[in-house]
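Visitor: Input protein.cif, format and content: mmCIF, C-alpha atoms.
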data_upload
loop_
_atom_site.label_atom_id
_atom_site.label_comp_id
_atom_site.auth_asym_id
_atom_site.auth_seq_id
_atom_site.Cartn_x
_atom_site.Cartn_y
_atom_site.Cartn_z
CA MET A 229 -7.65 -0.14 -36.32
CA PHE A 230 -11.02 -0.53 -34.60
CA PHE A 231 -11.16 -2.66 -31.46
CA ARG A 232 -14.26 -3.86 -29.67
CA ASN A 233 -14.74 -3.41 -25.94
CA ILE A 234 -17.16 -5.99 -24.58
CA TYR A 235 -19.40 -5.36 -21.57
CA ILE A 236 -21.09 -8.32 -19.84
CA SER A 237 -23.72 -7.72 -17.16
CA HIS A 238 -25.79 -10.91 -17.01
CA PHE A 239 -25.47 -14.65 -16.56
CA GLY A 240 -23.44 -16.55 -19.11
CA LYS A 241 -20.35 -18.53 -20.00
CA LEU A 242 -17.19 -17.26 -21.68
CA SER A 243 -15.25 -19.69 -23.83
CA ILE A 244 -13.28 -20.05 -27.04
CA LYS A 245 -14.52 -21.56 -30.29
CA ASN A 246 -12.26 -21.73 -33.37
CA SER A 247 -10.11 -18.91 -31.93
CA ASN A 248 -13.20 -16.73 -31.50
CA PHE A 249 -14.62 -15.21 -28.34
CA LEU A 250 -17.86 -17.04 -27.49
CA PHE A 251 -20.49 -15.87 -24.98
CA THR A 252 -23.41 -18.18 -24.23
CA ASP A 253 -26.28 -16.81 -22.14
CA ALA A 254 -28.86 -18.57 -19.96
CA ASN A 255 -31.09 -19.26 -22.96
CA LYS A 256 -28.24 -20.90 -24.89
CA ASN A 257 -28.02 -17.91 -27.26
CA SER A 258 -24.45 -17.42 -28.47
CA THR A 259 -22.42 -14.40 -29.51
CA THR A 260 -19.06 -14.76 -31.24
CA VAL A 261 -16.41 -12.12 -31.88
CA PRO A 262 -13.01 -12.62 -33.58
CA ILE A 263 -10.42 -12.60 -30.81
CA ASP A 264 -8.22 -10.24 -32.86
CA ASP A 265 -10.95 -7.58 -32.76
CA ILE A 266 -11.14 -7.33 -28.97
CA ASN A 267 -9.42 -4.67 -26.90
CA SER A 268 -10.96 -5.40 -23.50
CA ILE A 269 -13.71 -7.31 -21.71
CA VAL A 270 -15.58 -5.88 -18.72
CA ILE A 271 -17.33 -8.48 -16.54
CA ASP A 272 -19.87 -6.65 -14.37
CA THR A 273 -21.67 -9.60 -12.77
CA PRO A 274 -20.71 -12.48 -10.47
CA LEU A 275 -22.78 -14.84 -12.64
CA VAL A 276 -20.24 -15.39 -15.43
CA SER A 277 -18.08 -18.49 -15.70
CA LEU A 278 -14.87 -18.66 -17.70
CA THR A 279 -12.11 -21.18 -18.23
CA SER A 280 -8.37 -20.93 -17.71
CA SER A 281 -7.90 -21.59 -21.44
CA PHE A 282 -10.08 -18.55 -22.17
CA ILE A 283 -7.97 -16.36 -19.86
CA SER A 284 -4.78 -17.76 -21.37
CA LEU A 285 -5.84 -16.95 -24.93
CA CYS A 286 -6.80 -13.43 -23.87
CA GLY A 287 -3.31 -13.08 -22.38
CA GLU A 288 -1.70 -14.29 -25.61
CA ASN A 289 -3.66 -11.67 -27.56
CA GLY A 290 -3.09 -8.81 -25.11
CA ILE A 291 -6.76 -8.53 -24.11
CA ALA A 292 -7.46 -6.86 -20.76
CA ILE A 293 -10.14 -8.51 -18.63
CA TYR A 294 -11.76 -6.30 -15.97
CA ILE A 295 -13.76 -7.70 -13.05
CA CYS A 296 -16.14 -5.29 -11.30
CA ASP A 297 -17.12 -5.15 -7.64
CA LYS A 298 -20.62 -4.83 -6.15
CA TYR A 299 -20.50 -1.09 -6.83
CA HIS A 300 -19.84 -1.81 -10.54
CA LEU A 301 -16.32 -0.37 -10.38
CA PRO A 302 -13.41 -2.35 -11.89
CA ASN A 303 -11.44 -3.80 -8.97
CA ALA A 304 -9.45 -6.60 -10.62
CA LEU A 305 -7.54 -6.86 -13.87
CA PHE A 306 -6.05 -9.78 -15.80
CA LEU A 307 -2.97 -8.79 -17.81
CA PRO A 308 -0.60 -10.57 -20.21
CA TYR A 309 2.60 -11.55 -18.41
CA ALA A 310 6.11 -11.13 -19.86
CA LYS A 311 4.87 -11.36 -23.43
CA HIS A 312 7.47 -9.06 -24.97
CA HIS A 313 10.35 -10.89 -26.67
CA LYS A 314 12.93 -8.47 -25.22
CA TRP A 315 11.53 -8.46 -21.70
CA LEU A 316 14.90 -8.40 -19.90
CA GLU A 317 16.25 -5.65 -22.18
CA VAL A 318 13.19 -3.50 -21.50
CA LEU A 319 13.41 -4.17 -17.77
CA GLU A 320 17.07 -3.13 -17.64
CA GLN A 321 16.27 0.04 -19.56
CA GLN A 322 13.45 0.88 -17.15
CA ILE A 323 15.54 0.23 -14.04
CA ASN A 324 18.30 2.47 -15.44
CA TRP A 325 16.11 5.47 -16.18
CA SER A 326 18.07 8.42 -14.78
CA VAL A 327 16.60 10.95 -12.35
CA PRO A 328 16.89 13.78 -14.94
CA TYR A 329 15.08 11.62 -17.52
CA LYS A 330 12.24 10.84 -15.10
CA LYS A 331 11.91 14.48 -14.02
CA GLN A 332 11.90 15.73 -17.60
CA SER A 333 9.38 13.07 -18.62
CA TRP A 334 7.11 13.99 -15.72
CA LYS A 335 7.34 17.64 -16.77
CA GLN A 336 6.14 16.63 -20.25
CA VAL A 337 3.30 14.58 -18.78
CA VAL A 338 2.08 17.48 -16.62
CA GLU A 339 2.39 19.99 -19.47
CA GLN A 340 0.35 17.77 -21.76
CA LYS A 341 -2.25 17.13 -19.07
CA ILE A 342 -2.69 20.87 -18.48
CA LEU A 343 -2.99 21.52 -22.22
CA ASN A 344 -5.62 18.79 -22.48
CA GLN A 345 -7.46 20.19 -19.45
CA LYS A 346 -7.63 23.58 -21.14
CA THR A 347 -8.96 21.99 -24.33
CA ALA A 348 -11.53 19.97 -22.39
CA LEU A 349 -12.82 23.12 -20.68
CA ASP A 350 -12.97 24.94 -24.03
CA MET A 351 -14.91 22.08 -25.61
CA ALA A 352 -17.34 22.11 -22.68
CA GLY A 353 -17.88 25.85 -23.04
CA LYS A 354 -16.12 26.61 -19.76
CA ASN A 355 -13.58 29.31 -18.90
CA SER A 356 -9.98 28.16 -19.36
CA ASP A 357 -8.23 31.52 -18.98
CA TYR A 358 -6.80 30.69 -15.56
CA ILE A 359 -5.28 27.46 -16.82
CA SER A 360 -3.76 29.16 -19.89
CA ARG A 361 -1.30 31.10 -17.74
CA PHE A 362 0.37 27.85 -16.63
CA ILE A 363 0.98 26.43 -20.11
CA GLY A 364 4.74 26.29 -20.71
CA LYS A 365 5.47 27.17 -17.06
CA VAL A 366 6.03 23.68 -15.66
CA LYS A 367 9.54 23.08 -14.30
CA SER A 368 11.49 19.84 -14.34
CA GLY A 369 9.75 17.30 -12.12
CA ASP A 370 6.93 19.84 -11.63
CA SER A 371 8.81 21.16 -8.60
CA ASP A 372 6.23 23.93 -8.10
CA ASN A 373 3.35 21.40 -8.10
CA VAL A 374 1.57 23.21 -10.92
CA GLU A 375 -0.50 20.08 -11.54
CA ALA A 376 -2.29 20.42 -8.17
CA THR A 377 -2.75 24.19 -8.57
CA VAL A 378 -4.45 23.74 -11.93
CA ALA A 379 -6.56 20.81 -10.71
CA SER A 380 -8.08 22.84 -7.85
CA TYR A 381 -9.48 25.31 -10.39
CA TYR A 382 -10.18 22.86 -13.20
CA PHE A 383 -12.65 20.54 -11.46
CA LYS A 384 -14.67 23.34 -9.90
CA GLU A 385 -14.92 25.10 -13.26
CA PHE A 386 -15.93 21.84 -14.94
CA PHE A 387 -18.45 20.45 -12.43
CA GLY A 388 -19.36 23.38 -10.17
CA LYS A 389 -17.89 25.30 -7.23
CA ASN A 390 -19.08 22.70 -4.71
CA PHE A 391 -17.40 19.82 -6.50
CA HIS A 392 -14.64 17.89 -4.69
CA ARG A 393 -12.86 14.87 -6.15
CA ARG A 394 -12.55 13.13 -2.78
CA ASN A 395 -16.24 13.42 -1.90
CA ASP A 396 -17.84 10.02 -2.55
CA ASN A 397 -21.29 11.52 -2.02
CA ILE A 398 -20.93 13.41 -5.30
CA THR A 399 -22.22 10.92 -7.84
CA ILE A 400 -20.16 12.28 -10.75
CA ASN A 401 -17.05 11.03 -8.94
CA ALA A 402 -18.24 7.45 -9.48
CA LEU A 403 -18.43 8.09 -13.23
CA LEU A 404 -14.97 9.66 -13.27
CA ASN A 405 -13.50 6.78 -11.27
CA TYR A 406 -15.06 4.23 -13.62
CA GLY A 407 -13.70 5.97 -16.72
CA TYR A 408 -10.24 6.41 -15.21
CA ALA A 409 -10.19 2.74 -14.17
CA LEU A 410 -10.95 1.62 -17.73
CA VAL A 411 -8.14 3.70 -19.24
CA ARG A 412 -5.81 2.74 -16.38
CA GLY A 413 -6.39 -0.94 -17.11
CA ASN A 414 -5.63 -0.52 -20.79
CA ILE A 415 -2.39 1.32 -20.01
CA ALA A 416 -1.40 -1.52 -17.65
CA ARG A 417 -2.20 -4.03 -20.40
CA SER A 418 0.02 -2.21 -22.90
CA LEU A 419 2.89 -1.82 -20.44
CA ALA A 420 2.83 -5.54 -19.71
CA ALA A 421 2.67 -6.35 -23.42
CA TYR A 422 5.76 -4.21 -24.11
CA GLY A 423 7.71 -5.74 -21.22
CA PHE A 424 7.56 -2.88 -18.71
CA ILE A 425 7.03 -3.32 -14.98
CA PRO A 426 3.99 -1.17 -14.05
CA ALA A 427 5.23 -0.67 -10.47
CA LEU A 428 8.37 1.28 -11.51
CA GLY A 429 7.16 4.79 -12.23
CA LEU A 430 8.50 8.10 -13.48
CA ASN A 431 7.03 10.21 -10.68
CA HIS A 432 4.63 8.05 -8.68
CA LYS A 433 6.59 6.11 -6.05
CA ASN A 434 4.02 4.58 -3.72
CA HIS A 435 5.49 1.33 -2.33
CA TYR A 436 2.00 -0.12 -2.02
CA ASN A 437 1.01 0.68 -5.61
CA GLY A 438 1.81 -1.91 -8.25
CA PHE A 439 0.79 0.54 -10.98
CA ASN A 440 2.94 3.63 -10.44
CA LEU A 441 3.99 3.90 -14.10
CA VAL A 442 0.39 3.36 -15.16
CA ASP A 443 -0.70 6.30 -13.01
CA ASP A 444 2.06 8.46 -14.52
CA LEU A 445 0.89 7.80 -18.06
CA LEU A 446 -2.79 8.08 -17.17
CA GLU A 447 -2.56 11.81 -16.40
CA PRO A 448 -2.85 13.27 -19.93
CA PHE A 449 -5.74 10.87 -20.67
CA ARG A 450 -7.84 12.03 -17.72
CA PRO A 451 -9.29 15.12 -19.48
CA ILE A 452 -10.90 13.05 -22.24
CA VAL A 453 -12.65 11.03 -19.52
CA ASP A 454 -13.66 14.27 -17.76
CA LEU A 455 -15.15 15.61 -21.00
CA LEU A 456 -17.11 12.43 -21.65
CA VAL A 457 -18.46 12.42 -18.08
CA PHE A 458 -19.45 16.09 -18.44
CA LYS A 459 -21.36 15.36 -21.66
CA ILE A 460 -23.12 12.42 -20.02
CA SER A 461 -24.03 14.46 -16.92
CA ILE A 462 -25.46 17.46 -18.78
CA ASN A 463 -27.91 15.08 -20.43
CA GLY A 464 -29.28 14.37 -16.97
CA ASN A 465 -27.49 11.12 -16.21
CA ASP A 466 -25.04 11.35 -13.32
CA THR A 467 -25.55 7.87 -11.84
CA LEU A 468 -23.41 4.85 -12.58
CA ASP A 469 -26.19 2.71 -14.04
CA LYS A 470 -25.77 0.10 -16.77
CA GLU A 471 -26.47 2.57 -19.58
CA THR A 472 -23.85 4.99 -18.26
CA ARG A 473 -21.25 2.25 -17.81
CA ILE A 474 -21.68 1.24 -21.43
CA MET A 475 -21.34 4.88 -22.54
CA LEU A 476 -18.14 5.20 -20.52
CA LEU A 477 -16.75 2.07 -22.14
CA GLY A 478 -17.07 4.03 -25.39
CA ILE A 479 -14.03 6.07 -24.26
CA PHE A 480 -11.84 3.72 -26.29
CA GLU A 481 -13.64 4.73 -29.48
CA LYS A 482 -12.85 8.42 -28.91
CA GLU A 483 -9.90 9.88 -30.77
CA MET A 484 -6.82 11.75 -29.61
CA GLN A 485 -3.89 13.08 -31.59
CA ILE A 486 -0.18 12.33 -31.58
CA GLN A 487 2.12 14.28 -33.90
CA ASP A 488 -0.78 15.50 -36.08
CA ASN A 489 -2.26 12.02 -36.53
CA SER A 490 -5.53 10.95 -34.92
CA TYR A 491 -6.10 7.51 -33.43
CA GLN A 492 -8.63 5.86 -31.17
CA VAL A 493 -7.69 5.96 -27.49
CA ALA A 494 -6.82 2.24 -27.38
CA ASN A 495 -4.28 2.76 -30.18
CA VAL A 496 -2.97 6.00 -28.67
CA ILE A 497 -2.18 4.16 -25.44
CA ASP A 498 -0.04 1.67 -27.36
CA ILE A 499 1.84 4.50 -29.10
CA VAL A 500 2.53 6.27 -25.80
CA VAL A 501 3.78 3.09 -24.11
CA LYS A 502 5.93 2.09 -27.08
CA SER A 503 7.57 5.54 -27.04
CA LEU A 504 9.03 4.72 -23.61
CA ARG A 505 11.47 2.48 -25.47
CA GLY A 506 12.97 5.49 -27.23
CA SER A 507 14.37 8.83 -26.17
CA ASN A 508 11.24 10.94 -26.91
CA LEU A 509 8.09 10.36 -24.93
CA ARG A 510 5.04 10.77 -27.16
CA LEU A 511 1.91 11.99 -25.39
CA PRO A 512 -1.73 12.37 -26.46
CA LEU A 513 -3.35 15.65 -27.43
CA LEU A 514 -7.06 16.24 -26.94
CA VAL A 515 -8.51 17.94 -30.03
#
Let's see the structure in the file written out as structure tokens.
Guide:
Amino acid sequence: MFFRNIYISHFGKLSIKNSNFLFTDANKNSTTVPIDDINSIVIDTPLVSLTSSFISLCGENGIAIYICDKYHLPNALFLPYAKHHKWLEVLEQQINWSVPYKKQSWKQVVEQKILNQKTALDMAGKNSDYISRFIGKVKSGDSDNVEATVASYYFKEFFGKNFHRRNDNITINALLNYGYALVRGNIARSLAAYGFIPALGLNHKNHYNGFNLVDDLLEPFRPIVDLLVFKISINGNDTLDKETRIMLLGIFEKEMQIQDNSYQVANVIDIVVKSLRGSNLRLPLLV
């Protein structure tokens, strides 16, 4: 199913009309979209007004609303709350996840991330030989920290030997952070919709992070963001301007594969989150 991701960067009012999304700009021009067609809304301006009834309807329909800061990065997120009809059952299941289950699940997450990193490098025409040696070598809980070892090679091969993820002066990092934040928000939306508590993670355990489980599940999705950012940057655009932000929002229209079937990223996220209810975690494959 195709979902729309709406980006708003100028003055206007958000409201509901006949169960449709309605945006009215300064010149009284209106745009309507069926509420069922919307995956997320990114508000990248302080000049938008919206009503509590609008936010409530978005919550009822599982629509994520992102609010961006002055640097145009998403820094707030509205999520549906306790929508799932078996919320307590899901919560009890999550609380009772055993240590072996969490370690094995994290192993799967890291293995899939590494496989997707290799594919992303291959698709970008980069050398993935070093990463290949780690495929199938991840231990339970990633006790050898293979994820970090691979990452130190991966980013330099992708974006150059002088690239560092923690260097805010490297403009590509802003693009990566924006793309990750979009996917992160959609994972949080799906977890809330299925009754999970985003703070209770598989591997991430930061007491100050309300999205530990989100950050666990984000890992195998990162390479598709990396690949999109690489394609944008080689066309000469490595700044987080309006055009680039809209291109990054297109991440949800990209496809990934689960068990030989391809779906758009927004749908893949739902499949991954839903699989947490069962015994086999299903993770996305970049193809």
Visitor: Determine the nearest neighbour of Asp498 (chain A) from the options A:Glu375, A:Leu445, A:Ile452, A:Glu471, counting only C-alpha atoms.
Guide: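 Between A:Glu375, A:Leu445, A:Ile452, A:Glu471, the residue approaching Asp498 (chain A) most closely is A:Leu445.
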Visitor: Using all atoms listed in the file, which of A:Val337, A:Ser380, A:Gly506, A:Lys346 sits nearest Asp443 (chain A)?
Guide: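 Looking at the shortest contact to Asp443 (chain A), the residue is A:Val337.
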Visitor: Choose the residue, out of A:Gly240, A:Gly287, A:Pro328, A:Pro274, that has the smallest atom-to-atom separation from Ser258 (chain A); count only C-alpha atoms.
Guide: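 Between A:Gly240, A:Gly287, A:Pro328, A:Pro274, the residue approaching Ser258 (chain A) most closely is A:Gly240.
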Visitor: Could you expand the PyMOL selection byres ((chain A and resi 510) around 12) into the explicit residues it covers here, written as a ChimeraX atom specification?
Guide: /A:333,336-337,340,445,448,485-489,496-509,511-513
Visitor: Name the residues that the PyMOL selection byres ((chain A and resi 458) around 12) picks from the file above, as a PyMOL selection string, using the file's chain letters and numbers.
Guide: chain A and resi 348-349+351-354+383+385-388+400-401+403-404+407+451-457+459-466+472+476
Visitor: Those selected residues, please, written with C-alpha atoms and delivered as a PDB file, keeping the file's coordinate frame.
Guide:
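Once written, selection.pdb looks like this:
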ATOM      1  CA  ALA A 348     -11.530  19.970 -22.390  1.00  0.00           C
ATOM      2  CA  LEU A 349     -12.820  23.120 -20.680  1.00  0.00           C
ATOM      3  CA  MET A 351     -14.910  22.080 -25.610  1.00  0.00           C
ATOM      4  CA  ALA A 352     -17.340  22.110 -22.680  1.00  0.00           C
ATOM      5  CA  GLY A 353     -17.880  25.850 -23.040  1.00  0.00           C
ATOM      6  CA  LYS A 354     -16.120  26.610 -19.760  1.00  0.00           C
ATOM      7  CA  PHE A 383     -12.650  20.540 -11.460  1.00  0.00           C
ATOM      8  CA  GLU A 385     -14.920  25.100 -13.260  1.00  0.00           C
ATOM      9  CA  PHE A 386     -15.930  21.840 -14.940  1.00  0.00           C
ATOM     10  CA  PHE A 387     -18.450  20.450 -12.430  1.00  0.00           C
ATOM     11  CA  GLY A 388     -19.360  23.380 -10.170  1.00  0.00           C
ATOM     12  CA  ILE A 400     -20.160  12.280 -10.750  1.00  0.00           C
ATOM     13  CA  ASN A 401     -17.050  11.030  -8.940  1.00  0.00           C
ATOM     14  CA  LEU A 403     -18.430   8.090 -13.230  1.00  0.00           C
ATOM     15  CA  LEU A 404     -14.970   9.660 -13.270  1.00  0.00           C
ATOM     16  CA  GLY A 407     -13.700   5.970 -16.720  1.00  0.00           C
ATOM     17  CA  PRO A 451      -9.290  15.120 -19.480  1.00  0.00           C
ATOM     18  CA  ILE A 452     -10.900  13.050 -22.240  1.00  0.00           C
ATOM     19  CA  VAL A 453     -12.650  11.030 -19.520  1.00  0.00           C
ATOM     20  CA  ASP A 454     -13.660  14.270 -17.760  1.00  0.00           C
ATOM     21  CA  LEU A 455     -15.150  15.610 -21.000  1.00  0.00           C
ATOM     22  CA  LEU A 456     -17.110  12.430 -21.650  1.00  0.00           C
ATOM     23  CA  VAL A 457     -18.460  12.420 -18.080  1.00  0.00           C
ATOM     24  CA  LYS A 459     -21.360  15.360 -21.660  1.00  0.00           C
ATOM     25  CA  ILE A 460     -23.120  12.420 -20.020  1.00  0.00           C
ATOM     26  CA  SER A 461     -24.030  14.460 -16.920  1.00  0.00           C
ATOM     27  CA  ILE A 462     -25.460  17.460 -18.780  1.00  0.00           C
ATOM     28  CA  ASN A 463     -27.910  15.080 -20.430  1.00  0.00           C
ATOM     29  CA  GLY A 464     -29.280  14.370 -16.970  1.00  0.00           C
ATOM     30  CA  ASN A 465     -27.490  11.120 -16.210  1.00  0.00           C
ATOM     31  CA  ASP A 466     -25.040  11.350 -13.320  1.00  0.00           C
ATOM     32  CA  THR A 472     -23.850   4.990 -18.260  1.00  0.00           C
ATOM     33  CA  LEU A 476     -18.140   5.200 -20.520  1.00  0.00           C
TER      34      LEU A 476
END
Visitor: Quick one: of A:Asn440, A:Leu468, A:Pro262, A:His435, who's nearest to Phe231 (chain A), counting only C-alpha atoms?
Guide: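 Using only C-alpha atoms, Phe231 (chain A) sits closest to A:Pro262.
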Visitor: Give as a ChimeraX atom specification each residue that has an atom at most 9 Å from (-3.7, -2.7, -21.6) in the file, counting only C-alpha atoms.
Guide: /A:267-268,290-292,307-308,411-421,494,497-498
Visitor: Find the residues near Gly438 (chain A): any atom within 12 Å, counting only C-alpha atoms, skip ones fewer than 6 places away on the same chain, and give them as a PyMOL selection string.
Guide: chain A and resi 305+416+424-429+432
Visitor: Given the PyMOL selection byres ((chain A and resi 261) around 6) and the file above, list the residues it selects as a list in words.
Guide: Asn248, Phe249, Thr260 and Pro262 of chain A
Visitor: Excluding Leu275 (chain A) and any residue of its chain fewer than 4 positions from it, enumerate the residues within 9 Å of it, using all atoms listed in the file, and give them as a list in words.
Guide: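 Non-adjacent residues within range: Ser237, His238, Phe239, Gly240 and Lys241 of chain A.
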Visitor: Rounded to one decimal in Å, what is the spacing between CA of Ser284 (chain A) and CA of Asn233 (chain A)?
Guide: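 Value for the CA of Ser284 (chain A)-CA of Asn233 (chain A) distance: 18.1 Å.
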Visitor: What's the separation between CA of Ile234 (chain A) and CA of Tyr406 (chain A), in Å to one decimal place?
Guide: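 These two atoms are separated by 15.1 Å.
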Visitor: With N, CA, C and O atoms as the target, complete region 400-416 of chain A and hand it back as a PDB file, in the coordinates of the input.
Guide:
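Written out: result27.pdb:
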ATOM      1  N   ILE A 400     -21.011  12.168  -9.548  1.00  0.00           N
ATOM      2  CA  ILE A 400     -20.160  12.280 -10.750  1.00  0.00           C
ATOM      3  C   ILE A 400     -18.796  11.653 -10.500  1.00  0.00           C
ATOM      4  O   ILE A 400     -18.161  11.136 -11.433  1.00  0.00           O
ATOM      5  N   ASN A 401     -18.339  11.649  -9.247  1.00  0.00           N
ATOM      6  CA  ASN A 401     -17.050  11.030  -8.940  1.00  0.00           C
ATOM      7  C   ASN A 401     -17.037   9.544  -9.288  1.00  0.00           C
ATOM      8  O   ASN A 401     -16.000   8.996  -9.684  1.00  0.00           O
ATOM      9  N   ALA A 402     -18.160   8.873  -9.130  1.00  0.00           N
ATOM     10  CA  ALA A 402     -18.240   7.450  -9.480  1.00  0.00           C
ATOM     11  C   ALA A 402     -18.038   7.269 -10.981  1.00  0.00           C
ATOM     12  O   ALA A 402     -17.362   6.324 -11.423  1.00  0.00           O
ATOM     13  N   LEU A 403     -18.605   8.171 -11.776  1.00  0.00           N
ATOM     14  CA  LEU A 403     -18.430   8.090 -13.230  1.00  0.00           C
ATOM     15  C   LEU A 403     -16.978   8.355 -13.605  1.00  0.00           C
ATOM     16  O   LEU A 403     -16.409   7.652 -14.451  1.00  0.00           O
ATOM     17  N   LEU A 404     -16.375   9.357 -12.990  1.00  0.00           N
ATOM     18  CA  LEU A 404     -14.970   9.660 -13.270  1.00  0.00           C
ATOM     19  C   LEU A 404     -14.085   8.481 -12.891  1.00  0.00           C
ATOM     20  O   LEU A 404     -13.214   8.081 -13.668  1.00  0.00           O
ATOM     21  N   ASN A 405     -14.318   7.911 -11.714  1.00  0.00           N
ATOM     22  CA  ASN A 405     -13.500   6.780 -11.270  1.00  0.00           C
ATOM     23  C   ASN A 405     -13.630   5.587 -12.203  1.00  0.00           C
ATOM     24  O   ASN A 405     -12.646   4.887 -12.460  1.00  0.00           O
ATOM     25  N   TYR A 406     -14.825   5.354 -12.701  1.00  0.00           N
ATOM     26  CA  TYR A 406     -15.060   4.230 -13.620  1.00  0.00           C
ATOM     27  C   TYR A 406     -14.293   4.465 -14.923  1.00  0.00           C
ATOM     28  O   TYR A 406     -13.599   3.575 -15.418  1.00  0.00           O
ATOM     29  N   GLY A 407     -14.405   5.660 -15.469  1.00  0.00           N
ATOM     30  CA  GLY A 407     -13.700   5.970 -16.720  1.00  0.00           C
ATOM     31  C   GLY A 407     -12.195   5.909 -16.562  1.00  0.00           C
ATOM     32  O   GLY A 407     -11.491   5.336 -17.406  1.00  0.00           O
ATOM     33  N   TYR A 408     -11.679   6.471 -15.460  1.00  0.00           N
ATOM     34  CA  TYR A 408     -10.240   6.410 -15.210  1.00  0.00           C
ATOM     35  C   TYR A 408      -9.774   4.954 -15.077  1.00  0.00           C
ATOM     36  O   TYR A 408      -8.705   4.588 -15.579  1.00  0.00           O
ATOM     37  N   ALA A 409     -10.570   4.139 -14.386  1.00  0.00           N
ATOM     38  CA  ALA A 409     -10.190   2.740 -14.170  1.00  0.00           C
ATOM     39  C   ALA A 409     -10.092   1.985 -15.495  1.00  0.00           C
ATOM     40  O   ALA A 409      -9.205   1.149 -15.678  1.00  0.00           O
ATOM     41  N   LEU A 410     -10.994   2.281 -16.424  1.00  0.00           N
ATOM     42  CA  LEU A 410     -10.950   1.620 -17.730  1.00  0.00           C
ATOM     43  C   LEU A 410      -9.664   1.978 -18.473  1.00  0.00           C
ATOM     44  O   LEU A 410      -8.969   1.102 -19.000  1.00  0.00           O
ATOM     45  N   VAL A 411      -9.352   3.261 -18.536  1.00  0.00           N
ATOM     46  CA  VAL A 411      -8.140   3.700 -19.240  1.00  0.00           C
ATOM     47  C   VAL A 411      -6.908   3.185 -18.519  1.00  0.00           C
ATOM     48  O   VAL A 411      -5.944   2.723 -19.147  1.00  0.00           O
ATOM     49  N   ARG A 412      -6.933   3.221 -17.196  1.00  0.00           N
ATOM     50  CA  ARG A 412      -5.810   2.740 -16.380  1.00  0.00           C
ATOM     51  C   ARG A 412      -5.520   1.265 -16.693  1.00  0.00           C
ATOM     52  O   ARG A 412      -4.368   0.857 -16.833  1.00  0.00           O
ATOM     53  N   GLY A 413      -6.569   0.476 -16.807  1.00  0.00           N
ATOM     54  CA  GLY A 413      -6.390  -0.940 -17.110  1.00  0.00           C
ATOM     55  C   GLY A 413      -5.788  -1.174 -18.467  1.00  0.00           C
ATOM     56  O   GLY A 413      -4.953  -2.066 -18.654  1.00  0.00           O
ATOM     57  N   ASN A 414      -6.194  -0.360 -19.457  1.00  0.00           N
ATOM     58  CA  ASN A 414      -5.630  -0.520 -20.790  1.00  0.00           C
ATOM     59  C   ASN A 414      -4.175  -0.097 -20.855  1.00  0.00           C
ATOM     60  O   ASN A 414      -3.381  -0.676 -21.593  1.00  0.00           O
ATOM     61  N   ILE A 415      -3.809   0.915 -20.075  1.00  0.00           N
ATOM     62  CA  ILE A 415      -2.390   1.320 -20.010  1.00  0.00           C
ATOM     63  C   ILE A 415      -1.575   0.195 -19.375  1.00  0.00           C
ATOM     64  O   ILE A 415      -0.488  -0.146 -19.853  1.00  0.00           O
ATOM     65  N   ALA A 416      -2.097  -0.399 -18.297  1.00  0.00           N
ATOM     66  CA  ALA A 416      -1.400  -1.520 -17.650  1.00  0.00           C
ATOM     67  C   ALA A 416      -1.235  -2.676 -18.624  1.00  0.00           C
ATOM     68  O   ALA A 416      -0.179  -3.318 -18.670  1.00  0.00           O
TER      69      ALA A 416
END
